[in-house]
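Written out below as structure tokens is the structure these notes cover.
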Amino acid sequence: MAIQIVMDRTGDSRHPFNPDDAQELAKAQQRFYELTKAGFTAAVRTGPGLSSQIRSFDPTAEETVFFPRLVGG
Amino acid sequence: MFGFRPLPPGGRSRIRATRALFIRHGAEGTPEGRSLRLLREWLSPAQREQFARKGYFEVVGSYSGKRYRIHAGASVNVCEIGERGRLQEGLCFMPIGALPIGDVMLAQKIALETCEGEVRAVARRFTPNGFHFRQTRPLG
């Protein structure tokens, strides 16, 4: 199972999906582009404590986290 | 009248440890607790240890290689660290929306480690002092 984690007021919303299921994968891909179009940044874990931003959907990513646009305080 | 009695030896530290345990585990179901759990999952072992012990963790900027210290907080909580470990310029930036503290800190970590230039472009600068970075709660 893979998972998309979207930061929100509740802490996060988690959307697990099976990457081997074409329908679930398509839904995850759609969610990815909806969120990034809305200004969210997507990042995947690449190692312990390491992450990288992704700008296109990665069907092999096990865990993707989305956070809203950054602003100055 | 109130019958206060002095604590037995070691009583105060037991109370403190109990309180820390409650905050760490009892709050897991709250937005703040969930966000802190996610943050801990994404920290390196060294960052996790540092956060637990000191209430902050350090990251390295993706572009400049500068070190930044992210303190527990949702704003006015990031500071550039000089070569001798002294606080330099403070950077105030956060994701939009009222996110819980752990989410804000994780977004700050990922942003500094992957797109430092964008962070520095939006962040408001401040001069850090001890008041900004007092550790008031065990969050790690």
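Letters A, B, ... go to the chains of the structure tokens in the order shown; residues in each chain start at 1; ligands are counted from 1 in the same order.
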
Residues of chain A within 12 Å of range 68-86 of chain B: nearest atom pair and distance (Å, one decimal) for each, counting only C-alpha atoms, sorted by chain and number, as CSV?
residue,atom,partner,partner_atom,distance
A:Leu70,CA,B:Ser75,CA,11.8
A:Val71,CA,B:Ser75,CA,10.8
A:Gly72,CA,B:Ser75,CA,9.3
A:Gly73,CA,B:Ser75,CA,6.7

Restricting it to C-alpha atoms, dump the selection as a PDB file, in the first residue's frame.
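Ended up saving to out_36.pdb:
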ATOM      1  CA  LEU A  70       4.462  28.942   2.156  1.00  0.00           C
ATOM      2  CA  VAL A  71       4.115  32.574   3.129  1.00  0.00           C
ATOM      3  CA  GLY A  72       6.174  34.988   5.189  1.00  0.00           C
ATOM      4  CA  GLY A  73       4.940  35.567   8.740  1.00  0.00           C
TER       5      GLY A  73
END

7 Å contacts from chain A to chain B using only C-alpha atoms, as a PDB file with N, CA and C atoms, in the first residue's frame:
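Saved to result.pdb:
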ATOM      1  N   MET A   7      -1.555  17.659   4.677  1.00  0.00           N
ATOM      2  CA  MET A   7      -1.613  18.424   5.921  1.00  0.00           C
ATOM      3  C   MET A   7      -2.862  19.296   5.946  1.00  0.00           C
ATOM      4  N   ASP A   8      -3.528  19.277   7.090  1.00  0.00           N
ATOM      5  CA  ASP A   8      -4.705  20.137   7.258  1.00  0.00           C
ATOM      6  C   ASP A   8      -4.899  20.435   8.739  1.00  0.00           C
ATOM      7  N   ARG A   9      -5.998  21.080   9.061  1.00  0.00           N
ATOM      8  CA  ARG A   9      -6.232  21.510  10.450  1.00  0.00           C
ATOM      9  C   ARG A   9      -6.342  20.342  11.418  1.00  0.00           C
ATOM     10  N   THR A  10      -6.674  19.166  10.904  1.00  0.00           N
ATOM     11  CA  THR A  10      -6.841  18.002  11.789  1.00  0.00           C
ATOM     12  C   THR A  10      -5.506  17.321  12.072  1.00  0.00           C
ATOM     13  N   GLY A  11      -4.431  17.844  11.503  1.00  0.00           N
ATOM     14  CA  GLY A  11      -3.124  17.183  11.584  1.00  0.00           C
ATOM     15  C   GLY A  11      -2.779  16.702  10.187  1.00  0.00           C
ATOM     16  N   ASP A  12      -3.557  15.765   9.694  1.00  0.00           N
ATOM     17  CA  ASP A  12      -3.391  15.339   8.310  1.00  0.00           C
ATOM     18  C   ASP A  12      -4.567  14.464   7.896  1.00  0.00           C
ATOM     19  N   PRO A  48      16.144   8.044   5.569  1.00  0.00           N
ATOM     20  CA  PRO A  48      15.856   8.507   6.920  1.00  0.00           C
ATOM     21  C   PRO A  48      16.145   9.999   7.071  1.00  0.00           C
ATOM     22  N   GLY A  49      15.104  10.774   7.241  1.00  0.00           N
ATOM     23  CA  GLY A  49      15.273  12.213   7.412  1.00  0.00           C
ATOM     24  C   GLY A  49      15.487  12.972   6.120  1.00  0.00           C
ATOM     25  N   SER A  51      14.276  14.022   2.157  1.00  0.00           N
ATOM     26  CA  SER A  51      13.076  14.128   1.323  1.00  0.00           C
ATOM     27  C   SER A  51      13.411  14.888   0.053  1.00  0.00           C
ATOM     28  N   SER A  52      12.554  14.759  -0.935  1.00  0.00           N
ATOM     29  CA  SER A  52      12.724  15.565  -2.140  1.00  0.00           C
ATOM     30  C   SER A  52      11.358  15.967  -2.653  1.00  0.00           C
ATOM     31  N   GLN A  53      11.323  17.131  -3.276  1.00  0.00           N
ATOM     32  CA  GLN A  53      10.059  17.603  -3.846  1.00  0.00           C
ATOM     33  C   GLN A  53       9.817  16.905  -5.167  1.00  0.00           C
ATOM     34  N   PHE A  67       1.977  19.798   1.546  1.00  0.00           N
ATOM     35  CA  PHE A  67       1.745  20.922   2.457  1.00  0.00           C
ATOM     36  C   PHE A  67       1.389  22.171   1.664  1.00  0.00           C
ATOM     37  N   PRO A  68       0.578  23.060   2.270  1.00  0.00           N
ATOM     38  CA  PRO A  68       0.111  24.247   1.550  1.00  0.00           C
ATOM     39  C   PRO A  68       1.244  25.221   1.235  1.00  0.00           C
ATOM     40  N   ARG A  69       0.941  26.178   0.387  1.00  0.00           N
ATOM     41  CA  ARG A  69       1.899  27.192  -0.041  1.00  0.00           C
ATOM     42  C   ARG A  69       2.489  27.919   1.171  1.00  0.00           C
ATOM     43  N   LEU A  70       3.780  28.246   1.068  1.00  0.00           N
ATOM     44  CA  LEU A  70       4.462  28.942   2.156  1.00  0.00           C
ATOM     45  C   LEU A  70       4.325  30.446   2.003  1.00  0.00           C
ATOM     46  N   VAL A  71       4.166  31.111   3.125  1.00  0.00           N
ATOM     47  CA  VAL A  71       4.115  32.574   3.129  1.00  0.00           C
ATOM     48  C   VAL A  71       5.000  33.103   4.254  1.00  0.00           C
ATOM     49  N   GLY A  72       5.403  34.350   4.120  1.00  0.00           N
ATOM     50  CA  GLY A  72       6.174  34.988   5.189  1.00  0.00           C
ATOM     51  C   GLY A  72       5.257  35.333   6.344  1.00  0.00           C
ATOM     52  N   GLY A  73       5.779  35.306   7.560  1.00  0.00           N
ATOM     53  CA  GLY A  73       4.940  35.567   8.740  1.00  0.00           C
ATOM     54  C   GLY A  73       4.939  37.023   9.132  1.00  0.00           C
TER      55      GLY A  73
END

| query | When distances are computed from only C-alpha atoms, which of A:Ala42, A:Gly47, A:Arg55, A:Met1 shows the smallest separation from Asp21 in chain A? | reply | A:Met1

| query | Could you write out, as a PyMOL selection string, all the residues of chain A that DSSP marks as helix (DSSP H, G or I)? | reply | chain A and resi 22-37

| query | Can you list every residue in chain A that DSSP puts in strand (DSSP E), as a VMD selection string? | reply | chain A and resid 2 to 8 11 to 17 41 to 47 50 to 54 63 to 67 70 to 72

Just the residues within 8 Å of His15 in chain A, please, counting only C-alpha atoms, with nothing from its chain fewer than 2 positions along; format it as a compact mmCIF listing (two decimals) with C-alpha atoms, in the first residue's frame.
# COMPACT_ATOMS: atom_id res chain seq x y z
CA ILE A 3 -0.21 6.64 0.97
CA GLN A 4 -0.79 10.31 0.29
CA ILE A 5 -0.78 12.52 3.40
CA SER A 13 -5.78 13.50 6.02
CA PHE A 17 -4.11 3.39 -2.20

| request: Would you mind telling me which residue in A:Phe40, A:Pro59, A:Arg45, A:Ile54 lies nearest to Asp20 in chain A when using only C-alpha atoms? | output: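 Of A:Phe40, A:Pro59, A:Arg45, A:Ile54, the one nearest Asp20 in chain A, counting only C-alpha atoms, is A:Pro59.
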
| said: One number please: CA of Glu28 in chain B to CA of Glu49 in chain B, in Å, one decimal. | reply: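 The value is 18.9 Å.
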